[in-house]
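Trainee: Below you'll find the structure I mean.
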Amino acid sequence: MSVFADVQAVLCDMDGVLVHGSQIIPGAPEFLARLRASGRRFLVLTNNSIYTTRDLQARLARTGLELAPEEIYTSALATAQFLDTQRPNGTAFVIGETGLTTALYEVGYTQTEHEPDYVVIGETMSYSFERITQAVRLVAAGARLIGTNPDVSGPSERGLVPACGAVVALIQAATGAQAYFVGKPNPVMMRTALRTIDAHAVEAMMIGDRMDTDIIGGTEAGMRTALVLSGVMNRGDAERYPYRPSAIIDSVADLFN
Ligand SMILES: [Mg+2]
């Protein structure tokens with residue numbers, strides 16, 4: 001039986017799978033149309049915690065990809081859901097953009113600079129050294145350190161930029177504290193995403209372009225996985241990992257036809 005048989009729910013990485021920066025990947029809109037027409041539940045996942053799902057909807061629409069905000073799931077939402085289950089109605093000192101602050105607000109978290117339960121670090125466009133210093137002091141005083149995603153760098157129009165994982169590394173080095181990252185490859189992100197669409201791992205497939213985030217996370221969450229070659233990895237790269245996807249496909253254009 002095909003590994004794609006009875007896939008009732010899909011978690012689909014965004015960058016390298018549906019879009020490449022501001023370029024749509026050929027076949028992606030038709031793939032989403034097939035998912036909707038077949039009644040499969042799905043969420044499009046991103047480790048980017050800068051934007052709200054409505055911001056992302058607007059940005060994707062400009063590339064030509066139509067997604068509803070409810071069809072998008074970010075590491076900011078996963079982090080908020082995780083903290084809500086760990087310590088409901090808690091307090092946090094947050095370094096991040098509206099994607100993160102809105103998500104925390106919506107689960108009932110309060111932002112404070114005074115003895116917060118957590119210091120939560122997400123991606124921002126401009127890391128302020130003053131805010132980082134504040135974060136260091138709060139963690140040294142006992143606040144628990146959380147990162148939305150462990151990525152240490154990311155692309156931008158002008159070149160490489162340091163990302164959440166690098167800033168968290170700085171705070172870890174300064175305090176000796178160990179952070180917990182909720183975003184991919186942590187399978188917690190896949191599990192909270194599945195819960196959001198009321199799906200179970202056995203009926204679900206994770207589709208992504210990276211072995212070390214999408215495929216390992218999906219595998220550890222107990223899902224079937226498909227590696228697409230439309231992003232950063234090729235077949236040779238995939239062979240070098242000690243775990244393998246359930247399937248390797250050129251792109252989502254080949255899926256569920
Ligand atoms: Mg990707």
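The chains in the structure tokens are called A, B, ... from first to last as shown; in each chain the residues are counted from 1, and the ligands are counted from 1 in the order shown.
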Please identify all protein, DNA and RNA residues within 8 Å of ligand 1, counting only C-alpha atoms and all ligand atoms, and report them as a list in words.
Mentor: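 Selection of residues at most 8 Å from ligand 1: Asp13, Met14, Asp15, Gly16, Val17, Thr46, Gly208, Asp209, Arg210, Asp214, Gly231 and Val232 of chain A.
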Trainee: Considering only C-alpha atoms, return as a ChimeraX atom specification whatever protein or nucleic-acid residues lie within 10 Å of Leu77 (chain A), sequence-local ones (same chain, fewer than 5 positions apart) excluded.
Mentor: /A:47,49,52-53,72,82-83,99-104,106-107,148,182-183,189,192-193
Trainee: DSSP on the backbone, then: every residue of region 154-252 of chain A marked strand (DSSP E), written as a PyMOL selection string.
Mentor: chain A and resi 154+161-162+180-181+204-208+224-228+247-249
Trainee: For a test of reading the model, state the distance in Å between CA of Phe256 (chain A) and CA of Thr196 (chain A), rounded to one decimal.
Mentor: 22.5 Å
Trainee: Please list as a compact mmCIF listing (two decimals) with C-alpha atoms, in the first residue's frame every residue within 9 Å of Ala238 (chain A), counting only C-alpha atoms and excluding residues in the same chain fewer than 3 positions away.
Mentor:
# COMPACT_ATOMS: atom_id res chain seq x y z
CA ARG A 210 14.59 19.84 5.48
CA MET A 211 15.65 16.52 7.01
CA LEU A 227 10.70 15.18 1.79
CA MET A 233 17.97 19.46 0.10
CA ASN A 234 18.60 16.91 -2.62
CA ARG A 235 18.45 13.10 -2.60
CA TYR A 241 20.89 11.22 7.78
CA TYR A 243 16.58 8.59 9.71
CA ARG A 244 14.64 8.67 6.47
CA PRO A 245 11.41 10.14 5.19
CA ILE A 248 10.92 11.60 -1.35
Trainee: Tell me, which residues of region 4-248 of chain A carry DSSP alpha helix (DSSP H), written as a PyMOL selection string?
Mentor: chain A and resi 28-38+53-63+75-86+98-106+129-140+164-175+187-196+216-220+235-239
Trainee: Could you save the residues just selected, with C-alpha atoms, as a compact mmCIF listing (two decimals), in the first residue's frame?
Mentor:
# COMPACT_ATOMS: atom_id res chain seq x y z
CA ALA A 28 1.61 24.75 -4.83
CA PRO A 29 -1.80 26.47 -5.37
CA GLU A 30 -3.16 23.36 -7.13
CA PHE A 31 -1.83 21.18 -4.29
CA LEU A 32 -3.69 23.30 -1.72
CA ALA A 33 -6.82 23.15 -3.89
CA ARG A 34 -6.58 19.32 -3.94
CA LEU A 35 -6.20 19.23 -0.14
CA ARG A 36 -9.30 21.36 0.32
CA ALA A 37 -11.36 19.48 -2.28
CA SER A 38 -10.48 16.12 -0.72
CA THR A 53 -1.24 34.52 10.65
CA ARG A 54 -3.14 37.46 9.13
CA ASP A 55 0.15 39.20 8.21
CA LEU A 56 1.33 35.96 6.62
CA GLN A 57 -1.94 35.55 4.73
CA ALA A 58 -1.43 39.03 3.21
CA ARG A 59 2.24 38.40 2.40
CA LEU A 60 1.45 35.05 0.76
CA ALA A 61 -1.45 36.55 -1.19
CA ARG A 62 1.03 38.98 -2.79
CA THR A 63 3.02 35.99 -4.09
CA SER A 75 6.24 28.75 16.06
CA ALA A 76 4.80 31.77 17.91
CA LEU A 77 1.39 30.05 18.12
CA ALA A 78 3.04 26.78 19.17
CA THR A 79 5.03 28.60 21.87
CA ALA A 80 1.89 30.32 23.20
CA GLN A 81 -0.04 27.02 23.23
CA PHE A 82 2.86 25.29 24.97
CA LEU A 83 3.15 27.97 27.68
CA ASP A 84 -0.63 27.96 28.13
CA THR A 85 -0.57 24.24 28.94
CA GLN A 86 2.54 24.57 31.14
CA THR A 98 3.55 41.14 16.86
CA GLY A 99 3.36 37.49 15.73
CA LEU A 100 4.66 36.47 19.14
CA THR A 101 3.20 39.17 21.37
CA THR A 102 -0.30 38.69 19.87
CA ALA A 103 -0.13 34.89 20.25
CA LEU A 104 0.88 35.19 23.93
CA TYR A 105 -1.78 37.82 24.58
CA GLU A 106 -4.47 35.61 23.03
CA PHE A 129 21.13 45.16 23.14
CA GLU A 130 19.31 46.93 25.94
CA ARG A 131 16.40 44.45 25.78
CA ILE A 132 18.83 41.52 25.62
CA THR A 133 20.60 42.85 28.72
CA GLN A 134 17.22 43.05 30.49
CA ALA A 135 16.48 39.46 29.40
CA VAL A 136 19.86 38.31 30.75
CA ARG A 137 19.19 39.92 34.13
CA LEU A 138 15.68 38.43 34.38
CA VAL A 139 16.91 34.93 33.50
CA ALA A 140 19.79 35.29 35.98
CA CYS A 164 16.37 33.55 17.42
CA GLY A 165 18.72 30.64 18.22
CA ALA A 166 21.79 32.89 18.07
CA VAL A 167 20.29 35.46 20.43
CA VAL A 168 19.16 32.73 22.83
CA ALA A 169 22.72 31.32 22.69
CA LEU A 170 24.00 34.71 23.84
CA ILE A 171 21.59 34.74 26.81
CA GLN A 172 22.50 31.12 27.64
CA ALA A 173 26.21 31.98 27.59
CA ALA A 174 25.71 35.01 29.80
CA THR A 175 23.52 33.22 32.38
CA PRO A 187 7.89 17.47 17.75
CA VAL A 188 5.88 19.50 20.26
CA MET A 189 5.21 21.94 17.40
CA MET A 190 3.82 19.12 15.23
CA ARG A 191 1.75 17.71 18.09
CA THR A 192 0.18 21.05 19.00
CA ALA A 193 -0.48 21.66 15.28
CA LEU A 194 -2.21 18.27 14.98
CA ARG A 195 -4.29 19.03 18.06
CA THR A 196 -5.31 22.36 16.49
CA ILE A 216 12.95 14.51 12.14
CA GLY A 217 10.14 16.45 13.87
CA GLY A 218 7.42 14.63 11.92
CA THR A 219 9.09 11.28 12.56
CA GLU A 220 9.38 11.92 16.31
CA ARG A 235 18.45 13.10 -2.60
CA GLY A 236 22.16 12.81 -1.73
CA ASP A 237 21.78 15.08 1.30
CA ALA A 238 18.83 13.02 2.53
CA GLU A 239 20.81 9.75 2.34
Trainee: Using CA of Gly142 (chain A) and CA of Gly90 (chain A) as the two end points, give the distance in Å to one decimal.
Mentor: 14.5 Å
Trainee: Let me make sure I understand: among A:Gly154, A:Pro185, A:Ser230, A:Met223, which one has the smallest atom-to-atom distance to Glu203 (chain A) if we use only C-alpha atoms?
Mentor: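 Ranked by minimum distance to Glu203 (chain A), first place goes to A:Met223.
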Trainee: I'd like the interatomic distance between CA of Gly96 (chain A) and CA of Ser22 (chain A), to a tenth of an Å.
Mentor: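 Value for the CA of Gly96 (chain A)-CA of Ser22 (chain A) distance: 22.3 Å.
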Trainee: Taking into account only C-alpha atoms, which residue in the set A:Glu66, A:Asp198, A:Ala5, A:Phe181 is nearest to Ile24 (chain A)?
Mentor: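 Closest to Ile24 (chain A) of all the choices is A:Glu66.
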Trainee: Identify which of the residues A:Val44, A:Leu229, A:Leu65, A:Ala204 lies closest to Ile249 (chain A), counting only C-alpha atoms when measuring atom-to-atom distances.
Mentor: A:Leu229
Trainee: With distances taken over only C-alpha atoms, which residue among A:Leu45, A:Ala177, A:Ala201, A:Met125 lies nearest Thr213 (chain A)?
Mentor: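 Result for the nearest residue to Thr213 (chain A): A:Leu45.
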Trainee: Excluding Thr112 (chain A) and residues on its chain fewer than 3 positions from it, collect all residues at most 9 Å away from it, counting only C-alpha atoms, and give them as a list of chain:residue names.
Mentor: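 In the requested format, the answer is A:Thr91, A:Ala92, A:Phe93, A:Val94, A:Glu115, A:Pro116.
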